[in-house]
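So this block is start20.txt, compact mmCIF, C-alpha atoms:
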# COMPACT_ATOMS: atom_id res chain seq x y z
CA MET Z 1 10.91 -6.82 -39.68
CA LYS Z 2 11.46 -6.20 -35.95
CA ALA Z 3 14.89 -6.99 -34.49
CA VAL Z 4 13.95 -9.65 -31.95
CA LYS Z 5 16.96 -11.22 -30.23
CA ALA Z 6 17.16 -14.67 -28.67
CA ILE Z 7 18.97 -14.94 -25.33
CA ARG Z 8 20.14 -18.45 -24.34
CA THR Z 9 20.87 -19.34 -20.72
CA PRO Z 10 23.55 -21.83 -19.57
CA GLY Z 11 20.73 -24.26 -18.71
CA GLY Z 12 19.58 -24.40 -22.33
CA LEU Z 13 16.59 -22.09 -22.00
CA SER Z 14 15.97 -19.57 -24.78
CA VAL Z 15 14.14 -16.24 -24.35
CA ARG Z 16 13.18 -13.99 -27.26
CA VAL Z 17 13.57 -10.27 -26.42
CA ASP Z 18 12.47 -7.25 -28.45
CA PRO Z 19 15.09 -4.55 -27.65
CA ARG Z 20 12.63 -1.68 -28.18
CA ALA Z 21 9.99 -3.28 -25.95
CA ALA Z 22 12.61 -4.00 -23.27
CA LEU Z 23 13.78 -0.36 -23.39
CA VAL Z 24 10.17 0.86 -23.08
CA VAL Z 25 9.64 -1.36 -20.02
CA VAL Z 26 12.80 0.01 -18.37
CA LEU Z 27 11.82 3.62 -19.11
CA LEU Z 28 8.27 3.10 -17.84
CA LEU Z 29 9.64 1.47 -14.68
CA ALA Z 30 11.83 4.55 -14.17
CA ALA Z 31 8.82 6.83 -14.78
CA ALA Z 32 6.67 4.89 -12.28
CA SER Z 33 9.47 4.97 -9.67
CA THR Z 34 9.96 8.72 -10.17
CA ALA Z 35 6.23 9.38 -9.88
CA ALA Z 36 6.12 7.26 -6.71
CA VAL Z 37 9.00 9.17 -5.06
CA VAL Z 38 7.44 12.55 -5.96
CA LEU Z 39 4.05 11.36 -4.66
CA VAL Z 40 5.57 10.19 -1.36
CA GLY Z 41 7.18 13.62 -0.91
CA SER Z 42 3.95 15.57 -1.61
CA GLY Z 43 1.48 16.71 1.03
CA ASP Z 44 1.22 18.81 4.19
CA PHE Z 45 4.69 17.61 5.23
CA PRO Z 46 6.63 18.22 1.96
CA MET Z 47 9.87 16.38 1.33
CA THR Z 48 12.34 16.57 -1.53
CA PRO Z 49 12.95 13.45 -3.64
CA GLY Z 50 16.39 13.19 -2.06
CA GLU Z 51 14.90 13.21 1.45
CA VAL Z 52 12.38 10.55 0.42
CA VAL Z 53 15.12 8.28 -0.91
CA GLU Z 54 17.28 8.85 2.19
CA THR Z 55 14.31 8.01 4.42
CA LEU Z 56 13.56 4.84 2.46
CA LEU Z 57 17.22 3.85 2.98
CA GLY Z 58 16.81 4.31 6.75
CA ASN Z 59 18.60 7.66 7.08
CA GLY Z 60 15.59 9.93 7.77
CA THR Z 61 14.52 11.72 10.93
CA PRO Z 62 11.88 10.05 13.16
CA ALA Z 63 9.22 12.38 11.74
CA GLN Z 64 10.22 11.56 8.16
CA GLU Z 65 10.30 7.85 8.96
CA PHE Z 66 6.74 8.02 10.32
CA ILE Z 67 5.38 10.08 7.42
CA VAL Z 68 7.00 7.94 4.74
CA ARG Z 69 6.76 4.40 6.08
CA ASP Z 70 3.48 4.54 8.01
CA VAL Z 71 1.41 7.13 6.12
CA ARG Z 72 2.40 7.68 2.49
CA LEU Z 73 4.39 4.66 1.31
CA PRO Z 74 1.54 2.09 1.59
CA ARG Z 75 -0.81 4.40 -0.34
CA VAL Z 76 1.74 4.83 -3.14
CA LEU Z 77 2.51 1.11 -3.31
CA VAL Z 78 -1.22 0.35 -3.50
CA ALA Z 79 -1.48 2.87 -6.36
CA LEU Z 80 1.34 1.17 -8.27
CA LEU Z 81 -0.11 -2.32 -7.81
CA VAL Z 82 -3.69 -1.28 -8.61
CA GLY Z 83 -2.50 0.43 -11.80
CA ALA Z 84 -0.44 -2.59 -12.84
CA ALA Z 85 -3.26 -5.06 -12.08
CA LEU Z 86 -5.87 -3.06 -13.99
CA ALA Z 87 -3.53 -2.62 -16.96
CA VAL Z 88 -2.70 -6.33 -17.18
CA GLY Z 89 -6.41 -7.18 -16.96
CA GLY Z 90 -7.09 -4.72 -19.77
CA ALA Z 91 -4.26 -6.07 -21.93
CA VAL Z 92 -5.53 -9.65 -21.56
CA PHE Z 93 -9.14 -8.82 -22.40
CA GLN Z 94 -8.23 -6.55 -25.31
CA SER Z 95 -6.15 -9.38 -26.78
CA ILE Z 96 -8.80 -12.07 -26.17
CA SER Z 97 -11.58 -9.91 -27.63
CA ARG Z 98 -9.26 -8.55 -30.35
CA ASN Z 99 -10.88 -5.18 -29.69
CA PRO Z 100 -9.23 -2.03 -28.22
CA LEU Z 101 -12.49 -1.30 -26.36
CA GLY Z 102 -12.57 -4.74 -24.74
CA SER Z 103 -11.36 -3.63 -21.30
CA PRO Z 104 -12.79 -4.89 -17.98
CA ASP Z 105 -14.57 -1.63 -17.14
CA VAL Z 106 -16.34 -1.70 -20.53
CA LEU Z 107 -17.22 -5.42 -20.25
CA GLY Z 108 -18.94 -4.98 -16.87
CA PHE Z 109 -16.41 -6.40 -14.41
CA GLY Z 110 -15.97 -3.06 -12.65
CA GLN Z 111 -19.75 -2.72 -12.44
CA GLY Z 112 -19.97 -6.26 -11.06
CA SER Z 113 -17.51 -5.39 -8.30
CA SER Z 114 -19.54 -2.25 -7.57
CA VAL Z 115 -22.76 -4.25 -7.23
CA GLY Z 116 -21.01 -6.67 -4.85
CA ALA Z 117 -19.62 -3.83 -2.73
CA LEU Z 118 -22.91 -1.90 -2.68
CA THR Z 119 -24.82 -5.04 -1.72
CA VAL Z 120 -22.57 -5.40 1.33
CA ILE Z 121 -22.87 -1.69 2.20
CA VAL Z 122 -26.63 -1.25 1.66
CA LEU Z 123 -28.13 -4.62 2.56
CA PHE Z 124 -25.66 -5.98 5.15
CA LYS Z 125 -24.14 -2.76 6.60
CA GLY Z 126 -20.69 -4.32 6.20
CA ASP Z 127 -17.41 -2.66 7.15
CA ALA Z 128 -14.53 -1.84 4.79
CA PHE Z 129 -13.12 -5.37 4.90
CA ALA Z 130 -16.51 -6.93 4.07
CA THR Z 131 -17.01 -4.34 1.31
CA ALA Z 132 -13.72 -5.38 -0.30
CA GLY Z 133 -14.81 -9.02 -0.10
CA GLY Z 134 -18.12 -8.15 -1.74
CA ALA Z 135 -16.30 -6.37 -4.55
CA ILE Z 136 -14.14 -9.45 -5.23
CA VAL Z 137 -17.13 -11.80 -5.21
CA GLY Z 138 -19.13 -9.46 -7.44
CA GLY Z 139 -16.28 -9.23 -9.96
CA LEU Z 140 -15.74 -12.99 -10.07
CA VAL Z 141 -19.46 -13.78 -10.44
CA THR Z 142 -19.72 -11.23 -13.26
CA GLY Z 143 -16.69 -12.71 -14.99
CA ALA Z 144 -18.18 -16.22 -14.82
CA ALA Z 145 -21.56 -14.96 -16.07
CA VAL Z 146 -20.05 -13.10 -19.04
CA TYR Z 147 -17.94 -16.13 -19.97
CA LEU Z 148 -20.91 -18.53 -19.84
CA LEU Z 149 -23.26 -16.16 -21.69
CA ALA Z 150 -20.65 -15.60 -24.42
CA TRP Z 151 -19.95 -19.33 -24.78
CA LYS Z 152 -21.16 -20.99 -27.99
CA ARG Z 153 -18.69 -23.63 -29.11
CA GLY Z 154 -16.01 -21.27 -27.79
CA VAL Z 155 -15.85 -17.61 -26.81
CA HIS Z 156 -15.67 -15.34 -29.85
CA GLY Z 157 -14.19 -11.89 -29.23
CA TYR Z 158 -17.01 -9.93 -30.87
CA ARG Z 159 -19.63 -11.91 -28.90
CA LEU Z 160 -17.68 -11.39 -25.68
CA VAL Z 161 -17.73 -7.61 -26.13
CA LEU Z 162 -21.46 -7.51 -26.92
CA VAL Z 163 -22.35 -9.72 -23.95
CA GLY Z 164 -20.08 -7.67 -21.68
CA ILE Z 165 -21.65 -4.37 -22.71
CA GLY Z 166 -25.12 -5.82 -22.11
CA VAL Z 167 -24.17 -7.15 -18.68
CA ALA Z 168 -22.56 -3.81 -17.82
CA ALA Z 169 -25.81 -2.00 -18.65
CA MET Z 170 -27.82 -4.38 -16.45
CA LEU Z 171 -25.37 -4.02 -13.57
CA THR Z 172 -25.47 -0.23 -13.87
CA GLY Z 173 -29.23 -0.44 -13.36
CA ALA Z 174 -28.66 -2.63 -10.29
CA ILE Z 175 -26.21 -0.04 -8.90
CA HIS Z 176 -28.80 2.72 -9.24
CA TYR Z 177 -31.46 0.53 -7.60
CA LEU Z 178 -29.22 -0.23 -4.61
CA ILE Z 179 -28.46 3.48 -4.13
CA THR Z 180 -32.17 4.30 -4.09
CA LYS Z 181 -32.66 1.66 -1.36
CA ALA Z 182 -29.87 3.08 0.84
CA ASN Z 183 -30.27 5.55 3.67
CA LEU Z 184 -28.27 8.78 3.58
CA VAL Z 185 -25.21 7.41 5.40
CA ASP Z 186 -24.99 4.24 3.31
CA ALA Z 187 -25.62 6.16 0.08
CA THR Z 188 -22.75 8.52 0.94
CA ARG Z 189 -20.43 5.56 1.64
CA ALA Z 190 -21.50 3.93 -1.62
CA VAL Z 191 -20.90 7.04 -3.75
CA VAL Z 192 -17.48 7.66 -2.15
CA TRP Z 193 -16.46 4.04 -2.78
CA MET Z 194 -17.71 4.12 -6.38
CA THR Z 195 -15.70 7.26 -7.17
CA GLY Z 196 -12.45 5.32 -6.79
CA SER Z 197 -9.98 6.68 -4.25
CA LEU Z 198 -6.63 5.83 -2.67
CA ASP Z 199 -7.26 8.00 0.38
CA GLY Z 200 -6.54 6.14 3.63
CA ARG Z 201 -5.04 3.05 1.98
CA ASP Z 202 -2.57 1.30 4.28
CA TRP Z 203 -0.58 -1.91 4.61
CA SER Z 204 -3.78 -3.97 5.14
CA GLN Z 205 -4.75 -3.28 1.50
CA PHE Z 206 -1.20 -3.63 0.20
CA TRP Z 207 -0.25 -7.16 1.30
CA PRO Z 208 -3.29 -9.05 -0.16
CA LEU Z 209 -2.94 -7.06 -3.37
CA LEU Z 210 0.79 -7.87 -3.57
CA ALA Z 211 0.12 -11.58 -3.03
CA VAL Z 212 -2.40 -11.74 -5.88
CA CYS Z 213 -0.26 -9.67 -8.26
CA ALA Z 214 2.87 -11.71 -7.45
CA VAL Z 215 1.10 -14.86 -8.63
CA LEU Z 216 -1.15 -13.71 -11.48
CA ILE Z 217 0.98 -11.13 -13.30
CA PRO Z 218 3.86 -13.61 -13.85
CA LEU Z 219 1.24 -16.18 -14.91
CA CYS Z 220 -0.11 -13.77 -17.55
CA LEU Z 221 3.47 -13.04 -18.67
CA ALA Z 222 4.10 -16.77 -19.06
CA TYR Z 223 0.99 -17.03 -21.27
CA GLY Z 224 2.11 -14.08 -23.42
CA ARG Z 225 3.00 -16.16 -26.46
CA PRO Z 226 -0.25 -18.25 -26.48
CA LEU Z 227 -2.20 -15.01 -25.99
CA ARG Z 228 -0.44 -13.53 -29.01
CA MET Z 229 -1.40 -16.63 -31.01
CA LEU Z 230 -5.04 -16.16 -29.94
CA GLU Z 231 -5.00 -12.68 -31.47
CA MET Z 232 -4.51 -14.33 -34.89
CA GLY Z 233 -7.75 -16.28 -34.48
CA ASP Z 234 -8.76 -19.63 -33.02
CA ASP Z 235 -7.99 -21.63 -36.16
CA ALA Z 236 -4.46 -20.26 -36.41
CA ALA Z 237 -3.90 -20.85 -32.69
CA TYR Z 238 -5.12 -24.46 -32.99
CA ALA Z 239 -2.81 -24.98 -35.95
CA LEU Z 240 0.15 -23.72 -33.89
CA GLY Z 241 -0.58 -26.19 -31.09
CA ILE Z 242 -2.25 -23.82 -28.61
CA GLY Z 243 -4.94 -25.21 -26.29
CA VAL Z 244 -7.33 -22.39 -27.15
CA GLU Z 245 -10.13 -22.82 -24.61
CA ARG Z 246 -7.82 -23.80 -21.74
CA THR Z 247 -5.55 -20.81 -22.44
CA ARG Z 248 -8.52 -18.47 -22.76
CA ALA Z 249 -10.11 -19.73 -19.52
CA VAL Z 250 -6.87 -19.39 -17.51
CA LEU Z 251 -6.18 -15.89 -18.81
CA MET Z 252 -9.76 -14.67 -18.37
CA ALA Z 253 -9.88 -16.00 -14.80
CA SER Z 254 -6.55 -14.32 -14.01
CA ALA Z 255 -7.63 -11.01 -15.56
CA VAL Z 256 -10.99 -11.03 -13.77
CA LEU Z 257 -9.36 -11.76 -10.41
CA LEU Z 258 -6.72 -9.03 -10.94
CA THR Z 259 -9.44 -6.53 -11.79
CA ALA Z 260 -11.64 -7.58 -8.87
CA VAL Z 261 -8.82 -7.37 -6.31
CA ALA Z 262 -7.67 -4.00 -7.64
CA THR Z 263 -11.24 -2.70 -7.50
CA ALA Z 264 -11.64 -4.04 -3.97
CA ALA Z 265 -8.52 -2.15 -2.88
CA ALA Z 266 -9.30 1.25 -4.41
CA GLY Z 267 -12.82 1.23 -5.85
CA PRO Z 268 -13.72 1.22 -9.56
CA ILE Z 269 -10.96 3.39 -11.09
CA VAL Z 270 -11.96 3.80 -14.71
CA PHE Z 271 -10.04 3.96 -17.99
CA VAL Z 272 -6.65 2.72 -16.70
CA ALA Z 273 -7.44 -0.79 -17.99
CA LEU Z 274 -8.56 0.71 -21.31
CA SER Z 275 -5.78 3.20 -21.98
CA ALA Z 276 -2.62 1.65 -20.47
CA PRO Z 277 -2.37 -1.35 -22.87
CA GLN Z 278 -3.05 0.87 -25.88
CA LEU Z 279 -0.41 3.40 -24.87
CA ALA Z 280 2.10 0.61 -24.16
CA ARG Z 281 1.45 -0.95 -27.56
CA ARG Z 282 1.99 2.37 -29.32
CA LEU Z 283 5.29 2.91 -27.50
CA THR Z 284 6.68 -0.58 -28.11
CA ARG Z 285 5.27 -0.78 -31.67
CA SER Z 286 4.98 -4.51 -31.03
CA PRO Z 287 1.99 -6.70 -31.85
CA GLY Z 288 0.57 -8.80 -29.08
CA PRO Z 289 -0.52 -8.04 -25.53
CA ASN Z 290 2.71 -6.35 -24.23
CA ILE Z 291 1.93 -7.50 -20.69
CA ALA Z 292 5.09 -6.15 -18.99
CA ALA Z 293 4.94 -2.76 -20.72
CA SER Z 294 1.21 -2.48 -19.95
CA ALA Z 295 1.81 -3.21 -16.24
CA MET Z 296 4.51 -0.53 -16.02
CA MET Z 297 2.33 1.94 -17.94
CA GLY Z 298 -0.65 1.30 -15.63
CA ALA Z 299 1.50 1.81 -12.52
CA ALA Z 300 2.98 5.04 -13.88
CA LEU Z 301 -0.42 6.36 -14.99
CA LEU Z 302 -2.15 5.77 -11.66
CA ALA Z 303 0.73 7.14 -9.56
CA THR Z 304 0.84 10.26 -11.75
CA ALA Z 305 -2.96 10.64 -11.65
CA ASP Z 306 -2.90 10.38 -7.84
CA TRP Z 307 -0.21 13.06 -7.66
CA VAL Z 308 -2.38 15.32 -9.85
CA ALA Z 309 -5.44 14.59 -7.70
CA THR Z 310 -3.66 15.43 -4.45
CA SER Z 311 -1.43 18.32 -5.55
CA ALA Z 312 -2.92 20.21 -8.50
CA PHE Z 313 -6.08 21.58 -6.86
CA GLY Z 314 -4.74 23.41 -3.82
CA ASP Z 315 -6.33 22.45 -0.53
CA ARG Z 316 -9.08 20.45 -2.27
CA GLN Z 317 -7.84 16.94 -2.95
CA LEU Z 318 -9.81 14.96 -5.53
CA PRO Z 319 -10.35 11.18 -5.60
CA VAL Z 320 -7.98 9.68 -8.16
CA GLY Z 321 -10.98 8.16 -9.97
CA VAL Z 322 -12.12 11.66 -10.96
CA VAL Z 323 -8.76 12.41 -12.62
CA THR Z 324 -8.58 9.08 -14.47
CA GLY Z 325 -12.18 9.54 -15.60
CA VAL Z 326 -11.51 12.98 -17.11
CA LEU Z 327 -8.23 11.98 -18.76
CA GLY Z 328 -9.55 8.60 -19.85
CA GLY Z 329 -12.66 10.13 -21.42
CA ALA Z 330 -10.49 12.45 -23.50
CA TYR Z 331 -8.29 9.51 -24.50
CA LEU Z 332 -11.36 7.43 -25.47
CA LEU Z 333 -12.62 10.20 -27.76
CA TRP Z 334 -9.16 10.47 -29.34
CA LEU Z 335 -9.02 6.69 -29.80
CA LEU Z 336 -12.46 6.58 -31.46
CA VAL Z 337 -11.52 9.40 -33.86
CA THR Z 338 -8.20 7.71 -34.69
CA GLU Z 339 -9.79 4.31 -35.27
CA ARG Z 340 -12.49 5.87 -37.45
CA LYS Z 341 -9.94 7.71 -39.60
CA ALA Z 342 -8.03 4.44 -39.98
CA GLY Z 343 -11.25 2.74 -41.15
CA ARG Z 344 -11.22 0.14 -38.35
CA ILE Z 345 -14.62 1.22 -36.92

Could you express the structure from this file as structure tokens?
Amino acid sequence: MKAVKAIRTPGGLSVRVDPRAALVVVLLLAAASTAAVVLVGSGDFPMTPGEVVETLLGNGTPAQEFIVRDVRLPRVLVALLVGAALAVGGAVFQSISRNPLGSPDVLGFGQGSSVGALTVIVLFKGDAFATAGGAIVGGLVTGAAVYLLAWKRGVHGYRLVLVGIGVAAMLTGAIHYLITKANLVDATRAVVWMTGSLDGRDWSQFWPLLAVCAVLIPLCLAYGRPLRMLEMGDDAAYALGIGVERTRAVLMASAVLLTAVATAAAGPIVFVALSAPQLARRLTRSPGPNIAASAMMGAALLATADWVATSAFGDRQLPVGVVTGVLGGAYLLWLLVTERKAGRI
């Protein structure tokens, strides 16, 4: 049995804490912070981690202050928030569907955001701000459509995955159609956006993303226990006093919005939502969604992937979506082999 400890506050509140899960969250937070400092110091104007920290504390030279605060820091912060948002969205959907493959990019929400963004680019010639808005609308509409199509006296996890995969296939066809309708300039913009990149991200992407994450990630953490009850099945959750459909609707809406906003900020970055919750669960060895550990794992993964994309290929910098796609594909194959050997698929 796991050693879960109860912490009581002077006000009478009681919080149950798993020491191993808490330690994993702290270590992943340290890993994400380290990756962020190294990423800020990488580039044509290299800086040591010590110089980065000194500059963040206000003790850098004017050149270092400009490079860190105006150029690199917003990109790194966007990377951390996008990774955390995608990971929390993946953790919620994997728990609701009770399927390790039930992540937003498998269920079609990433494709829905892509259709929304491409519609703005190809049909309305919109700028970057309008493209981000199209991505959010596309993700939300897709989330509502998948929920309604999967509804039959409730949303069953297996049905949700099947409907999501079907919707994703249809949206992929719509993406290809929109690209064929685009001229060369728009098609180039569309392909670059769909690759998923953090290049050029600044404070204008960071603040809206921070506002959404500051509201929805704590909300998902607060629903951690009901979400864990949902993993045991609707009947068990009802018996334990959980409002199943209300809980499921709130969590799905939060996860869809987190995924849509993250996709709007950086494009459809694949496999972070799929792999981060699974890796966090293996490290904590805890049942349930592991929302906090998943968020830290997603932030650390995307910051590290962006460092690899910008530093490991010489003068040729890759979009971070290429790196996550390669690593995530390898992880997916490993996961399928592992699940098959365990007899779960």

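For the set Z:Ser197, Z:Arg281, Z:Leu23, Z:Ala264, the residue with the smallest atom-to-atom gap to Gly138 in chain Z is Z:Ala264, counting all atoms listed in the file.
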
Can you pull out the residues contacting Asp105 in chain Z? Cut-off 12 Å, using only C-alpha atoms, and skip same-chain residues under 6 positions away; I want them as a PDB file with C-alpha atoms, in the coordinates of the input.
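And here's selection_39.pdb as it stands now:
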ATOM      1  CA  LEU Z  86      -5.870  -3.060 -13.990  1.00  0.00           C
ATOM      2  CA  ALA Z  87      -3.530  -2.620 -16.960  1.00  0.00           C
ATOM      3  CA  GLY Z  89      -6.410  -7.180 -16.960  1.00  0.00           C
ATOM      4  CA  GLY Z  90      -7.090  -4.720 -19.770  1.00  0.00           C
ATOM      5  CA  PHE Z  93      -9.140  -8.820 -22.400  1.00  0.00           C
ATOM      6  CA  GLN Z  94      -8.230  -6.550 -25.310  1.00  0.00           C
ATOM      7  CA  GLN Z 111     -19.750  -2.720 -12.440  1.00  0.00           C
ATOM      8  CA  GLY Z 112     -19.970  -6.260 -11.060  1.00  0.00           C
ATOM      9  CA  SER Z 113     -17.510  -5.390  -8.300  1.00  0.00           C
ATOM     10  CA  SER Z 114     -19.540  -2.250  -7.570  1.00  0.00           C
ATOM     11  CA  GLY Z 139     -16.280  -9.230  -9.960  1.00  0.00           C
ATOM     12  CA  THR Z 142     -19.720 -11.230 -13.260  1.00  0.00           C
ATOM     13  CA  GLY Z 143     -16.690 -12.710 -14.990  1.00  0.00           C
ATOM     14  CA  VAL Z 161     -17.730  -7.610 -26.130  1.00  0.00           C
ATOM     15  CA  GLY Z 164     -20.080  -7.670 -21.680  1.00  0.00           C
ATOM     16  CA  ILE Z 165     -21.650  -4.370 -22.710  1.00  0.00           C
ATOM     17  CA  VAL Z 167     -24.170  -7.150 -18.680  1.00  0.00           C
ATOM     18  CA  ALA Z 168     -22.560  -3.810 -17.820  1.00  0.00           C
ATOM     19  CA  ALA Z 169     -25.810  -2.000 -18.650  1.00  0.00           C
ATOM     20  CA  LEU Z 171     -25.370  -4.020 -13.570  1.00  0.00           C
ATOM     21  CA  THR Z 172     -25.470  -0.230 -13.870  1.00  0.00           C
ATOM     22  CA  ALA Z 255      -7.630 -11.010 -15.560  1.00  0.00           C
ATOM     23  CA  VAL Z 256     -10.990 -11.030 -13.770  1.00  0.00           C
ATOM     24  CA  THR Z 259      -9.440  -6.530 -11.790  1.00  0.00           C
ATOM     25  CA  ALA Z 260     -11.640  -7.580  -8.870  1.00  0.00           C
ATOM     26  CA  ALA Z 262      -7.670  -4.000  -7.640  1.00  0.00           C
ATOM     27  CA  THR Z 263     -11.240  -2.700  -7.500  1.00  0.00           C
ATOM     28  CA  GLY Z 267     -12.820   1.230  -5.850  1.00  0.00           C
ATOM     29  CA  PRO Z 268     -13.720   1.220  -9.560  1.00  0.00           C
ATOM     30  CA  ILE Z 269     -10.960   3.390 -11.090  1.00  0.00           C
ATOM     31  CA  VAL Z 270     -11.960   3.800 -14.710  1.00  0.00           C
ATOM     32  CA  PHE Z 271     -10.040   3.960 -17.990  1.00  0.00           C
ATOM     33  CA  VAL Z 272      -6.650   2.720 -16.700  1.00  0.00           C
ATOM     34  CA  ALA Z 273      -7.440  -0.790 -17.990  1.00  0.00           C
ATOM     35  CA  LEU Z 274      -8.560   0.710 -21.310  1.00  0.00           C
ATOM     36  CA  SER Z 275      -5.780   3.200 -21.980  1.00  0.00           C
ATOM     37  CA  GLY Z 325     -12.180   9.540 -15.600  1.00  0.00           C
ATOM     38  CA  GLY Z 328      -9.550   8.600 -19.850  1.00  0.00           C
TER      39      GLY Z 328
END

Practice item. Measure the distance from CA of Cys220 in chain Z to CA of Gly329 in chain Z in Å and round it to one decimal. Key: 27.3 Å

Exercise for review: Would you mind listing what lies within 12 Å of Ile242 in chain Z as number ranges by chain, with all atoms listed in the file counted and same-chain residues fewer than 2 positions away left out?
Suggested key: Z: 223-240, 244-248

Please tabulate, as a tab-separated table, the residues of range 33-54 of chain Z that come within 12 Å of range 297-313 of chain Z, each with its closest pair of atoms and the distance in Å to one decimal, counting all atoms listed in the file and ordering rows by chain, then residue number upward.
residue	atom	partner	partner_atom	distance
Z:Ser33	CA	Z:Ala300	CA	7.7
Z:Thr34	CA	Z:Ala300	CA	8.7
Z:Ala35	CA	Z:Thr304	CA	5.8
Z:Ala36	CA	Z:Ala303	CA	6.1
Z:Val37	CA	Z:Ala303	CA	9.6
Z:Val38	CA	Z:Trp307	CA	7.9
Z:Leu39	CA	Z:Trp307	CA	5.5
Z:Val40	CA	Z:Trp307	CA	9.0
Z:Gly41	CA	Z:Trp307	CA	10.0
Z:Ser42	CA	Z:Ser311	CA	7.2
Z:Gly43	CA	Z:Ser311	CA	7.4
Z:Asp44	CA	Z:Ser311	CA	10.1
Z:Pro46	CA	Z:Ser311	CA	11.0

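Residue nearest Val82 in chain Z, chosen from Z:Ile217, Z:Val122, Z:Leu327, Z:Leu335 and counting all atoms listed in the file: Z:Ile217.
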
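Distance-wise, CA of Gly108 in chain Z and CA of Val146 in chain Z end up 8.5 Å apart.
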
Contacts of Val53 in chain Z at 10 Å (all atoms listed in the file; same-chain gap of 4+ positions) as a tab-separated table (two decimals) with C-alpha atoms, keeping the file's coordinate frame:
chain	number	residue	atom	x	y	z
Z	37	VAL	CA	9.00	9.17	-5.06
Z	40	VAL	CA	5.57	10.19	-1.36
Z	41	GLY	CA	7.18	13.62	-0.91
Z	47	MET	CA	9.87	16.38	1.33
Z	48	THR	CA	12.34	16.57	-1.53
Z	49	PRO	CA	12.95	13.45	-3.64
Z	57	LEU	CA	17.22	3.85	2.98
Z	58	GLY	CA	16.81	4.31	6.75
Z	59	ASN	CA	18.60	7.66	7.08
Z	60	GLY	CA	15.59	9.93	7.77
Z	68	VAL	CA	7.00	7.94	4.74

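Residue nearest Pro319 in chain Z within the list Z:Leu56, Z:Ala30, Z:Ala174, Z:Met194: Z:Met194 [criterion: smallest interatomic distance, all atoms listed in the file].
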
Starting from the block above, write range 15-19 of chain Z out to a file with all heavy atoms, as a JSON list (two decimals), in the first residue's frame, please.
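Output below, filename result29.json:
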[["chain", "number", "residue", "atom", "x", "y", "z"],
["Z", 15, "VAL", "N", -5.20, 17.81, 3.51],
["Z", 15, "VAL", "CA", -4.71, 17.53, 2.17],
["Z", 15, "VAL", "C", -3.92, 16.23, 2.22],
["Z", 15, "VAL", "O", -3.03, 16.08, 3.06],
["Z", 15, "VAL", "CB", -3.81, 18.67, 1.64],
["Z", 15, "VAL", "CG1", -3.30, 18.34, 0.25],
["Z", 15, "VAL", "CG2", -4.56, 19.99, 1.63],
["Z", 16, "ARG", "N", -4.27, 15.29, 1.34],
["Z", 16, "ARG", "CA", -3.56, 14.01, 1.27],
["Z", 16, "ARG", "C", -2.41, 14.13, 0.28],
["Z", 16, "ARG", "O", -2.61, 14.56, -0.87],
["Z", 16, "ARG", "CB", -4.51, 12.90, 0.85],
["Z", 16, "ARG", "CG", -5.57, 12.57, 1.91],
["Z", 16, "ARG", "CD", -6.68, 11.71, 1.33],
["Z", 16, "ARG", "NE", -6.19, 10.45, 0.80],
["Z", 16, "ARG", "CZ", -5.99, 9.36, 1.53],
["Z", 16, "ARG", "NH1", -6.25, 9.38, 2.82],
["Z", 16, "ARG", "NH2", -5.56, 8.25, 0.98],
["Z", 17, "VAL", "N", -1.19, 13.78, 0.71],
["Z", 17, "VAL", "CA", 0.01, 13.95, -0.11],
["Z", 17, "VAL", "C", 0.73, 12.63, -0.21],
["Z", 17, "VAL", "O", 0.98, 11.97, 0.81],
["Z", 17, "VAL", "CB", 0.94, 15.02, 0.49],
["Z", 17, "VAL", "CG1", 2.22, 15.12, -0.33],
["Z", 17, "VAL", "CG2", 0.24, 16.37, 0.56],
["Z", 18, "ASP", "N", 1.05, 12.22, -1.45],
["Z", 18, "ASP", "CA", 1.89, 11.06, -1.69],
["Z", 18, "ASP", "C", 3.34, 11.54, -1.72],
["Z", 18, "ASP", "O", 3.72, 12.30, -2.61],
["Z", 18, "ASP", "CB", 1.50, 10.43, -3.03],
["Z", 18, "ASP", "CG", 2.33, 9.19, -3.35],
["Z", 18, "ASP", "OD1", 3.34, 8.96, -2.65],
["Z", 18, "ASP", "OD2", 1.97, 8.47, -4.28],
["Z", 19, "PRO", "N", 4.19, 11.13, -0.76],
["Z", 19, "PRO", "CA", 5.56, 11.65, -0.72],
["Z", 19, "PRO", "C", 6.34, 11.40, -2.01],
["Z", 19, "PRO", "O", 7.08, 12.28, -2.46],
["Z", 19, "PRO", "CB", 6.18, 10.90, 0.46],
["Z", 19, "PRO", "CG", 5.02, 10.55, 1.33],
["Z", 19, "PRO", "CD", 3.90, 10.26, 0.39]]
